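Asks: Starting off with a structure, shown below.
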Amino acid sequence: MTGHAPVERDPRADLPGLTALLQRPEVADAVASVGHDRVVGALREALAGARDAVIGGTAVPGPDRIAAEVLAMLRARSHRGLRPVLNATGVLLHTNLGRAPLSADAVAAIKAAAGPTNLEVDLADGDRGGRGSVAHEALARLTGAQAGLAVNNGAAALVLALHVLGRDREVVISRGELVEIGGSFRLPDIMEAAGCRLREVGTTNRTHLDDYRRAVTVDTGAILRVHPSNFRQDGFVHRPSTEEIAEVARAADVPFIDDIGSGLLRPHPAARDEPVAAEAVDQGADLVLFSGDKLLGGPQAGIVVGRGDLVERCRRAPLARALRLDKLRLAALEASLAAHERDAREELPVWAMAAADLDDLRERAERIAAGCRGTPVETEAVLGGGSTPGARLPSWGVALTGPADDLATRLRTGDPAVVPRIIDDRVVTDLRSVPTEQDDALLSALRAATGTG
Ligand SMILES: *Cc1c(COP(=O)(O)O)cnc(C)c1O
């Protein structure tokens, strides 16, 4: 046994072990706050990275370094859990930021409903009560419909109505309305999922009343119209009016479903081209569908209003059980509808923001800009949420100087998190979508991100 060359020691052997790292007090604290498995996962990643670096010739990091790296990794990941953000995009109903912010009453109602509630008990006689009946009655009053029903979201309202009226039958729809409304909502796919056969009529830009009239047969389950929410067609275009389609539907004894999308309950100058729910009902649609968290200004929900017999069939369908609202959202919906019934729409944040005074927005922008060496700039906000494409709300924002991507990342990962928008390579925080009470929080986030604090 002679002549062995001295074996060089593998430097990876000098890396700290998992068990030793877990025993460090700061790592033990992390285990207590986020759980053992998440910390071990992060430790393994950090150690794997360190082993690669050491093979590449880097000095072996000590346990302090590795623990610090792991804590930083866990902190960065904590941003992924749901947490409040300041919406400085100028898009009042931002789907990726959860659409309509809830009113103070709606938030209080959610809190109050967190414990046991009279969800399905009539407190007057102790009998079983109708789940959601208060909201359903308010929806009927607000739209002039015979009855109302709230389910999980707009897509669910459409699936339910199509399933009840059009399953295994033909549903007539204009080729101009086979739309996609955000990632996973594509009309032909929804109709297929609901078990309907698509009967397309007309062309992309023009559909005539006769196209509907000729398509209706004994096999027709319903005529469907879908508001092309997020785009506009101009030029050589034609679509029959609600009354005209309703008349064809009535003559053929076929129900007419009108998916109006945004849920505008009363006309508003900022949403001039949006269909109003009560008008669709009045003009003869048998079922009118819309979302709860768009212009209605409430929680995520899908609303079905219209003829009593058809709403009742939707309510009783077994599928409705799978699409129903939980008590928290029902509570928020009741509170939001109550604001509409009191004619106090501006208690709902989306409408308060839409109504914000331009001079006030300018003053807020000037004050915040002065506090973080930014520049007040005129901007254009939008209602968003697929409503009023093309309609702009004049607004003011604060433009920041500096590398846009870098600043935007710092704002998004700051505290509070701020989601700005980027205009011409500049980071701009639009104030119309930020509640005035949050101005100080916004300013401190801007100071931290720009280093002017
Ligand atoms: C937004 C929208 C939907 C989808 O509603 P969700 O509440 O997002 O499910 C369906 N139809 C129209 C016309 C819409 O604008």
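Ligands are numbered from 1 in the order shown, residues from 1 within each chain, and chains are lettered A, B, ... in the order they appear in the structure tokens.
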Taking only C-alpha atoms and all ligand atoms and a cut-off of 10 Å, can you tell me which residues surround ligand 1, written as a compact mmCIF listing (two decimals) with all heavy atoms, in the first residue's frame?
Replies:
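Dumped everything to part_7.txt:
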# COMPACT_ATOMS: atom_id res chain seq x y z
N THR A 95 -58.83 43.47 -13.58
CA THR A 95 -59.13 42.07 -13.33
C THR A 95 -57.99 41.39 -12.56
O THR A 95 -58.22 40.62 -11.63
CB THR A 95 -59.43 41.33 -14.64
OG1 THR A 95 -60.61 41.93 -15.20
CG2 THR A 95 -59.71 39.87 -14.42
N ARG A 99 -60.55 43.32 -9.55
CA ARG A 99 -61.71 44.12 -9.96
C ARG A 99 -62.20 45.07 -8.86
O ARG A 99 -61.40 45.70 -8.20
CB ARG A 99 -62.82 43.22 -10.49
CG ARG A 99 -62.45 42.61 -11.83
CD ARG A 99 -63.70 42.16 -12.58
NE ARG A 99 -63.34 41.41 -13.79
CZ ARG A 99 -64.00 40.35 -14.21
NH1 ARG A 99 -65.07 39.90 -13.59
NH2 ARG A 99 -63.62 39.75 -15.33
N VAL A 151 -74.87 33.86 -8.70
CA VAL A 151 -74.00 32.68 -8.65
C VAL A 151 -72.55 33.13 -8.65
O VAL A 151 -72.25 34.31 -8.45
CB VAL A 151 -74.30 31.70 -9.82
CG1 VAL A 151 -75.68 31.09 -9.67
CG2 VAL A 151 -74.16 32.40 -11.17
N ASN A 152 -71.66 32.18 -8.88
CA ASN A 152 -70.23 32.42 -8.64
C ASN A 152 -69.60 33.57 -9.43
O ASN A 152 -68.84 34.36 -8.88
CB ASN A 152 -69.46 31.13 -8.92
CG ASN A 152 -67.97 31.30 -8.71
OD1 ASN A 152 -67.55 31.65 -7.62
ND2 ASN A 152 -67.20 31.12 -9.76
N ASN A 153 -69.87 33.66 -10.70
CA ASN A 153 -69.31 34.76 -11.51
C ASN A 153 -70.08 34.84 -12.83
O ASN A 153 -71.01 34.05 -13.05
CB ASN A 153 -67.80 34.61 -11.75
CG ASN A 153 -67.43 33.33 -12.47
OD1 ASN A 153 -68.30 32.59 -12.90
ND2 ASN A 153 -66.15 33.08 -12.61
N GLY A 154 -69.71 35.80 -13.67
CA GLY A 154 -70.44 35.99 -14.92
C GLY A 154 -70.40 34.74 -15.79
O GLY A 154 -71.39 34.36 -16.41
N ALA A 155 -69.23 34.10 -15.83
CA ALA A 155 -69.10 32.89 -16.63
C ALA A 155 -70.05 31.81 -16.13
O ALA A 155 -70.69 31.10 -16.91
CB ALA A 155 -67.65 32.39 -16.59
N ALA A 156 -70.17 31.69 -14.80
CA ALA A 156 -71.07 30.68 -14.22
C ALA A 156 -72.52 31.00 -14.55
O ALA A 156 -73.32 30.09 -14.83
CB ALA A 156 -70.87 30.62 -12.71
N ALA A 157 -72.88 32.29 -14.53
CA ALA A 157 -74.25 32.68 -14.86
C ALA A 157 -74.57 32.24 -16.29
O ALA A 157 -75.66 31.71 -16.57
CB ALA A 157 -74.42 34.20 -14.71
N LEU A 158 -73.60 32.42 -17.19
CA LEU A 158 -73.83 32.05 -18.59
C LEU A 158 -73.91 30.52 -18.76
O LEU A 158 -74.80 30.01 -19.43
CB LEU A 158 -72.72 32.64 -19.47
CG LEU A 158 -72.87 32.38 -20.97
CD1 LEU A 158 -74.21 32.89 -21.49
CD2 LEU A 158 -71.72 33.03 -21.75
N VAL A 159 -72.98 29.82 -18.12
CA VAL A 159 -73.00 28.35 -18.20
C VAL A 159 -74.33 27.83 -17.67
O VAL A 159 -74.96 26.94 -18.27
CB VAL A 159 -71.82 27.74 -17.41
CG1 VAL A 159 -72.01 26.24 -17.23
CG2 VAL A 159 -70.51 28.01 -18.14
N GLU A 177 -70.22 37.87 -32.19
CA GLU A 177 -70.20 37.81 -30.72
C GLU A 177 -69.52 36.56 -30.18
O GLU A 177 -69.63 36.26 -28.99
CB GLU A 177 -71.65 37.88 -30.21
CG GLU A 177 -72.29 39.21 -30.54
CD GLU A 177 -73.79 39.26 -30.26
OE1 GLU A 177 -74.32 38.28 -29.71
OE2 GLU A 177 -74.39 40.28 -30.59
N VAL A 179 -66.82 35.86 -28.89
CA VAL A 179 -65.70 36.67 -28.39
C VAL A 179 -64.90 35.93 -27.34
O VAL A 179 -65.34 34.94 -26.76
CB VAL A 179 -66.24 37.98 -27.79
CG1 VAL A 179 -66.92 38.82 -28.86
CG2 VAL A 179 -67.22 37.71 -26.65
N GLU A 180 -63.73 36.46 -27.10
CA GLU A 180 -62.90 36.03 -25.97
C GLU A 180 -62.82 37.19 -25.01
O GLU A 180 -62.49 38.30 -25.39
CB GLU A 180 -61.50 35.64 -26.44
CG GLU A 180 -60.57 35.34 -25.28
CD GLU A 180 -59.22 34.79 -25.70
OE1 GLU A 180 -59.18 33.92 -26.59
OE2 GLU A 180 -58.21 35.24 -25.14
N ILE A 181 -63.19 36.92 -23.74
CA ILE A 181 -63.16 37.97 -22.73
C ILE A 181 -62.15 37.59 -21.68
O ILE A 181 -62.48 37.04 -20.66
CB ILE A 181 -64.56 38.17 -22.11
CG1 ILE A 181 -65.54 38.58 -23.21
CG2 ILE A 181 -64.56 39.23 -21.02
CD1 ILE A 181 -66.98 38.41 -22.85
N GLY A 182 -60.87 37.79 -21.97
CA GLY A 182 -59.85 37.42 -20.99
C GLY A 182 -59.60 35.93 -20.99
O GLY A 182 -60.52 35.13 -21.01
N SER A 184 -59.45 32.68 -20.21
CA SER A 184 -60.10 31.39 -20.28
C SER A 184 -61.59 31.50 -20.62
O SER A 184 -62.28 30.50 -20.57
CB SER A 184 -59.93 30.68 -18.94
OG SER A 184 -60.26 31.56 -17.90
N PHE A 185 -62.05 32.71 -20.95
CA PHE A 185 -63.47 32.86 -21.27
C PHE A 185 -63.63 33.06 -22.77
O PHE A 185 -63.47 34.17 -23.29
CB PHE A 185 -64.06 34.07 -20.51
CG PHE A 185 -65.56 34.20 -20.65
CD1 PHE A 185 -66.41 33.84 -19.62
CD2 PHE A 185 -66.13 34.70 -21.82
CE1 PHE A 185 -67.79 33.97 -19.75
CE2 PHE A 185 -67.50 34.83 -21.96
CZ PHE A 185 -68.32 34.47 -20.92
N ARG A 186 -63.90 31.95 -23.49
CA ARG A 186 -64.13 32.05 -24.94
C ARG A 186 -65.51 31.48 -25.19
O ARG A 186 -65.81 30.36 -24.80
CB ARG A 186 -63.07 31.27 -25.71
CG ARG A 186 -61.67 31.64 -25.27
CD ARG A 186 -60.64 30.90 -26.06
NE ARG A 186 -60.29 31.65 -27.25
CZ ARG A 186 -59.58 31.15 -28.25
NH1 ARG A 186 -59.19 29.89 -28.23
NH2 ARG A 186 -59.29 31.91 -29.29
N LEU A 187 -66.32 32.30 -25.84
CA LEU A 187 -67.72 31.96 -26.00
C LEU A 187 -67.98 30.56 -26.55
O LEU A 187 -68.75 29.81 -25.97
CB LEU A 187 -68.40 33.03 -26.87
CG LEU A 187 -69.54 33.76 -26.20
CD1 LEU A 187 -70.73 32.84 -26.02
CD2 LEU A 187 -69.11 34.29 -24.84
N ILE A 190 -67.32 28.01 -23.85
CA ILE A 190 -68.31 28.03 -22.77
C ILE A 190 -69.58 27.32 -23.23
O ILE A 190 -70.19 26.54 -22.49
CB ILE A 190 -68.66 29.51 -22.40
CG1 ILE A 190 -67.42 30.19 -21.83
CG2 ILE A 190 -69.87 29.59 -21.50
CD1 ILE A 190 -67.34 30.21 -20.35
N ARG A 225 -77.31 36.65 -26.92
CA ARG A 225 -76.54 37.80 -27.36
C ARG A 225 -75.51 38.10 -26.29
O ARG A 225 -75.80 38.04 -25.10
CB ARG A 225 -77.42 39.01 -27.58
CG ARG A 225 -76.58 40.08 -28.30
CD ARG A 225 -77.38 41.24 -28.68
NE ARG A 225 -77.94 41.82 -27.48
CZ ARG A 225 -78.61 42.94 -27.50
NH1 ARG A 225 -78.81 43.57 -28.63
NH2 ARG A 225 -79.08 43.44 -26.39
N VAL A 226 -74.27 38.41 -26.74
CA VAL A 226 -73.17 38.68 -25.80
C VAL A 226 -72.62 40.05 -26.11
O VAL A 226 -72.25 40.33 -27.26
CB VAL A 226 -72.07 37.61 -25.93
CG1 VAL A 226 -70.91 37.95 -25.00
CG2 VAL A 226 -72.62 36.23 -25.59
N HIS A 227 -72.57 40.89 -25.10
CA HIS A 227 -72.02 42.23 -25.30
C HIS A 227 -70.52 42.10 -25.57
O HIS A 227 -69.80 41.51 -24.76
CB HIS A 227 -72.26 43.07 -24.05
CG HIS A 227 -71.77 44.46 -24.17
ND1 HIS A 227 -72.23 45.34 -25.13
CD2 HIS A 227 -70.86 45.15 -23.46
CE1 HIS A 227 -71.62 46.49 -25.00
NE2 HIS A 227 -70.79 46.41 -23.99
N PRO A 228 -70.03 42.63 -26.69
CA PRO A 228 -68.59 42.53 -26.97
C PRO A 228 -67.84 43.52 -26.07
O PRO A 228 -67.42 44.59 -26.50
CB PRO A 228 -68.48 42.91 -28.45
CG PRO A 228 -69.71 43.72 -28.74
CD PRO A 228 -70.76 43.36 -27.73
N SER A 229 -67.66 43.12 -24.82
CA SER A 229 -67.25 44.05 -23.77
C SER A 229 -65.96 44.80 -24.04
O SER A 229 -65.86 45.99 -23.81
CB SER A 229 -67.09 43.28 -22.46
OG SER A 229 -68.33 42.75 -22.07
N ASN A 230 -64.94 44.05 -24.46
CA ASN A 230 -63.61 44.65 -24.39
C ASN A 230 -63.08 45.13 -25.74
O ASN A 230 -61.90 45.38 -25.89
CB ASN A 230 -62.64 43.67 -23.75
CG ASN A 230 -62.79 42.27 -24.35
OD1 ASN A 230 -63.54 42.10 -25.31
ND2 ASN A 230 -62.08 41.31 -23.82
N ASP A 258 -79.51 37.60 -22.72
CA ASP A 258 -78.67 38.75 -23.06
C ASP A 258 -77.56 38.87 -22.02
O ASP A 258 -77.82 39.24 -20.87
CB ASP A 258 -79.55 40.02 -23.08
CG ASP A 258 -78.84 41.20 -23.74
OD1 ASP A 258 -77.71 41.01 -24.25
OD2 ASP A 258 -79.42 42.30 -23.74
N ASP A 259 -76.31 38.53 -22.42
CA ASP A 259 -75.17 38.67 -21.52
C ASP A 259 -74.60 40.07 -21.71
O ASP A 259 -73.90 40.33 -22.68
CB ASP A 259 -74.12 37.60 -21.86
CG ASP A 259 -72.87 37.73 -21.00
OD1 ASP A 259 -72.82 38.60 -20.12
OD2 ASP A 259 -71.92 36.94 -21.23
N ILE A 260 -74.93 40.99 -20.77
CA ILE A 260 -74.51 42.39 -20.95
C ILE A 260 -73.15 42.66 -20.31
O ILE A 260 -72.61 43.75 -20.45
CB ILE A 260 -75.57 43.39 -20.42
CG1 ILE A 260 -75.77 43.23 -18.91
CG2 ILE A 260 -76.89 43.22 -21.18
CD1 ILE A 260 -76.58 44.37 -18.29
N GLY A 261 -72.62 41.71 -19.57
CA GLY A 261 -71.22 41.82 -19.10
C GLY A 261 -71.02 42.65 -17.85
O GLY A 261 -70.79 42.11 -16.77
N SER A 262 -71.13 43.97 -17.98
CA SER A 262 -70.59 44.85 -16.94
C SER A 262 -71.52 45.16 -15.78
O SER A 262 -71.07 45.65 -14.75
CB SER A 262 -70.14 46.15 -17.55
OG SER A 262 -68.99 45.92 -18.29
N GLY A 263 -72.82 44.94 -15.95
CA GLY A 263 -73.69 45.15 -14.80
C GLY A 263 -73.95 46.58 -14.43
O GLY A 263 -74.04 46.92 -13.24
N LEU A 289 -77.79 38.74 -18.03
CA LEU A 289 -76.66 38.25 -17.21
C LEU A 289 -75.60 39.32 -17.09
O LEU A 289 -75.32 40.03 -18.06
CB LEU A 289 -76.03 37.02 -17.88
CG LEU A 289 -76.96 35.94 -18.45
CD1 LEU A 289 -76.12 34.82 -19.05
CD2 LEU A 289 -77.89 35.41 -17.38
N PHE A 290 -75.00 39.43 -15.90
CA PHE A 290 -73.87 40.35 -15.73
C PHE A 290 -73.04 39.98 -14.51
O PHE A 290 -73.43 39.12 -13.72
CB PHE A 290 -74.33 41.82 -15.68
CG PHE A 290 -75.45 42.10 -14.72
CD1 PHE A 290 -75.19 42.53 -13.42
CD2 PHE A 290 -76.77 41.97 -15.11
CE1 PHE A 290 -76.22 42.82 -12.52
CE2 PHE A 290 -77.82 42.25 -14.22
CZ PHE A 290 -77.55 42.67 -12.93
N SER A 291 -71.89 40.66 -14.37
CA SER A 291 -70.96 40.35 -13.28
C SER A 291 -71.26 41.23 -12.07
O SER A 291 -71.74 42.35 -12.21
CB SER A 291 -69.52 40.60 -13.72
OG SER A 291 -69.17 39.76 -14.79
N GLY A 292 -70.89 40.74 -10.88
CA GLY A 292 -71.08 41.51 -9.65
C GLY A 292 -69.93 42.45 -9.35
O GLY A 292 -70.08 43.43 -8.63
N ASP A 293 -68.74 42.16 -9.92
CA ASP A 293 -67.55 42.93 -9.51
C ASP A 293 -67.05 43.86 -10.61
O ASP A 293 -65.90 44.28 -10.61
CB ASP A 293 -66.43 41.97 -9.08
CG ASP A 293 -66.12 40.90 -10.12
OD1 ASP A 293 -66.80 40.86 -11.18
OD2 ASP A 293 -65.20 40.11 -9.88
N LYS A 294 -67.91 44.16 -11.56
CA LYS A 294 -67.56 45.18 -12.56
C LYS A 294 -68.28 46.47 -12.16
O LYS A 294 -68.08 46.96 -11.06
CB LYS A 294 -67.93 44.70 -13.96
CG LYS A 294 -67.10 43.47 -14.40
CD LYS A 294 -67.45 43.03 -15.82
CE LYS A 294 -66.66 41.81 -16.23
NZ LYS A 294 -67.15 41.28 -17.53
N PRO A 299 -68.78 42.29 -4.91
CA PRO A 299 -67.86 41.16 -4.92
C PRO A 299 -68.00 40.36 -6.22
O PRO A 299 -68.96 40.55 -6.96
CB PRO A 299 -68.35 40.33 -3.74
CG PRO A 299 -69.83 40.58 -3.72
CD PRO A 299 -70.00 42.02 -4.12
N GLN A 300 -67.06 39.46 -6.46
CA GLN A 300 -67.19 38.56 -7.61
C GLN A 300 -68.51 37.81 -7.50
O GLN A 300 -68.83 37.22 -6.48
CB GLN A 300 -66.05 37.54 -7.61
CG GLN A 300 -66.15 36.57 -8.79
CD GLN A 300 -65.19 35.42 -8.68
OE1 GLN A 300 -63.99 35.62 -8.59
NE2 GLN A 300 -65.71 34.21 -8.70
N ALA A 301 -69.30 37.89 -8.55
CA ALA A 301 -70.59 37.20 -8.59
C ALA A 301 -71.07 37.24 -10.02
O ALA A 301 -70.61 38.05 -10.82
CB ALA A 301 -71.61 37.87 -7.67
N GLY A 302 -71.99 36.32 -10.33
CA GLY A 302 -72.63 36.35 -11.64
C GLY A 302 -74.12 36.50 -11.40
O GLY A 302 -74.70 35.77 -10.61
N ILE A 303 -74.72 37.48 -12.05
CA ILE A 303 -76.12 37.81 -11.78
C ILE A 303 -76.99 37.33 -12.94
O ILE A 303 -76.64 37.55 -14.11
CB ILE A 303 -76.30 39.33 -11.60
CG1 ILE A 303 -75.25 39.91 -10.62
CG2 ILE A 303 -77.72 39.65 -11.18
CD1 ILE A 303 -75.34 39.39 -9.22
N GLY A 385 -62.17 46.43 -16.59
CA GLY A 385 -63.00 45.24 -16.36
C GLY A 385 -63.78 44.88 -17.61
O GLY A 385 -64.89 44.35 -17.54
N GLY A 386 -63.23 45.18 -18.75
CA GLY A 386 -63.92 44.86 -19.99
C GLY A 386 -65.09 45.76 -20.28
O GLY A 386 -65.89 45.47 -21.15
N SER A 387 -65.22 46.88 -19.54
CA SER A 387 -66.33 47.78 -19.82
C SER A 387 -65.83 48.99 -20.61
O SER A 387 -64.63 49.29 -20.59
CB SER A 387 -66.99 48.23 -18.51
OG SER A 387 -66.09 49.00 -17.76
N THR A 388 -66.72 49.66 -21.25
CA THR A 388 -66.46 50.94 -21.93
C THR A 388 -65.13 51.00 -22.68
O THR A 388 -64.33 51.87 -22.41
CB THR A 388 -66.49 52.11 -20.93
OG1 THR A 388 -65.43 51.95 -19.99
CG2 THR A 388 -67.80 52.20 -20.21
Asks: Would you mind listing what lies within 10 Å of Pro376 (chain A) as a PyMOL selection string, with only C-alpha atoms counted and same-chain residues fewer than 2 positions away left out?
Replies: chain A and resi 361-370+373-374+378-379+396-400+428-430
Asks: Based on DSSP run over this structure's backbone, return all residues of region 251-327 of chain A in alpha helix (DSSP H), as a list of chain:residue names.
Replies: A:Ala251, A:Ala252, A:Ala277, A:Ala278, A:Glu279, A:Ala280, A:Val281, A:Asp282, A:Gly308, A:Asp309, A:Leu310, A:Val311, A:Glu312, A:Arg313, A:Cys314, A:Arg315, A:Arg316, A:Pro318, A:Leu319, A:Ala320, A:Arg321, A:Ala322, A:Lys327
Asks: So which residues touch Gly90 (chain A) within 8 Å, counting only C-alpha atoms, skipping near sequence neighbours fewer than 5 positions away, as number ranges by chain?
Replies: A: 380-382, 421, 429-433
Asks: How about saving the chosen residues, C-alpha atoms kept, as a PDB file, in the first residue's frame?
Replies:
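Okay, this is what ended up in out_19.pdb:
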ATOM      1  CA  GLU A 380     -56.032  58.988 -18.893  1.00  0.00           C
ATOM      2  CA  ALA A 381     -57.688  56.430 -16.660  1.00  0.00           C
ATOM      3  CA  VAL A 382     -60.302  53.862 -17.731  1.00  0.00           C
ATOM      4  CA  ARG A 421     -48.210  51.775 -15.049  1.00  0.00           C
ATOM      5  CA  THR A 429     -48.731  56.164 -10.589  1.00  0.00           C
ATOM      6  CA  ASP A 430     -52.234  57.202 -11.641  1.00  0.00           C
ATOM      7  CA  LEU A 431     -54.192  58.672  -8.744  1.00  0.00           C
ATOM      8  CA  ARG A 432     -57.712  58.051 -10.009  1.00  0.00           C
ATOM      9  CA  SER A 433     -57.500  54.372  -9.054  1.00  0.00           C
TER      10      SER A 433
END
Asks: In Å, how far is it from CA of Ala104 (chain A) to CA of Trp351 (chain A)?
Replies: 13.4 Å
Asks: One number please: CA of Ala338 (chain A) to CA of Ala356 (chain A), in Å, one decimal.
Replies: 21.8 Å
Asks: Tell me which protein, DNA and RNA residues are within 9 Å of His340 (chain A), counting only C-alpha atoms, leaving out same-chain ones fewer than 4 positions away, and put them as a list in words.
Replies: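 Here the qualifying residues turn out to be Leu142, Leu265, Arg266, Leu296, Ser336, Ala344, Arg345, Glu346, Glu347 and Leu348 of chain A.
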Asks: Would you mind reading off the distance between CA of Gly221 (chain A) and CA of Pro275 (chain A), one decimal, in Å?
Replies: 23.9 Å
Asks: If we count only C-alpha atoms and set the cut-off at 10 Å, which residues sit around Arg169 (chain A), ignoring sequence neighbours fewer than 3 positions away in its own chain? Please answer as a list in words.
Replies: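 Residues meeting the cut-off are Leu162, His163, Leu165, Gly166, Val172, Gly195, Cys196, Arg197, Leu198, Arg199, Val218, Asp219, Thr220, Gly221 and Ala222 of chain A.
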Asks: Closest to Thr401 (chain A) among A:Ala106, A:Ala88, A:Ile422, A:Ala67, using only C-alpha atoms?
Replies: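 Answer, going by the shortest atom-to-atom distance: A:Ile422.
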Asks: Quick one: of A:Gly371, A:Gly298, A:Gly202, A:Gly306, who's nearest to Ala339 (chain A), counting only C-alpha atoms?
Replies: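 Ranking A:Gly371, A:Gly298, A:Gly202, A:Gly306 by distance to Ala339 (chain A), first place goes to A:Gly298.
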Asks: So which one's closest to Glu341 (chain A), A:Gly235, A:Leu446, A:Pro435, A:Arg141? Using only C-alpha atoms, please.
Replies: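 That would be A:Arg141, the residue with the smallest distance to Glu341 (chain A).
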Asks: Within 8 Å of Val237 (chain A), counting only C-alpha atoms, which residues qualify if same-chain residues fewer than 4 places away don't, as a PyMOL selection string?
Replies: chain A and resi 205-206+233
Asks: Those same residues, written as a PDB file, in the first residue's frame with N, CA and C atoms?
Replies:
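The resulting again.pdb:
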ATOM      1  N   ASN A 205     -68.972  41.285 -38.938  1.00  0.00           N
ATOM      2  CA  ASN A 205     -69.315  42.702 -38.749  1.00  0.00           C
ATOM      3  C   ASN A 205     -70.811  42.992 -38.884  1.00  0.00           C
ATOM      4  N   ARG A 206     -71.546  42.145 -39.582  1.00  0.00           N
ATOM      5  CA  ARG A 206     -72.966  42.456 -39.760  1.00  0.00           C
ATOM      6  C   ARG A 206     -73.838  41.232 -39.522  1.00  0.00           C
ATOM      7  N   GLN A 233     -66.407  47.688 -32.519  1.00  0.00           N
ATOM      8  CA  GLN A 233     -66.375  47.608 -33.978  1.00  0.00           C
ATOM      9  C   GLN A 233     -66.949  48.901 -34.523  1.00  0.00           C
TER      10      GLN A 233
END
Asks: Name the residues of region 260-399 of chain A that fall into strand (DSSP E) according to DSSP on the backbone, using the chain letters and numbers of this document, as a list in words.
Replies: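 Reading the DSSP output for region 260-399 of chain A, strand (DSSP E) covers Ile260, Gly261, Leu287, Val288, Leu289, Phe290, Ser291, Gly302, Ile303, Val304, Val305, Gly306, Thr375, Pro376, Val377, Glu378, Thr379, Glu380, Ala381, Val382, Leu383, Gly384, Leu393, Pro394, Ser395, Trp396, Gly397, Val398 and Ala399 of chain A.
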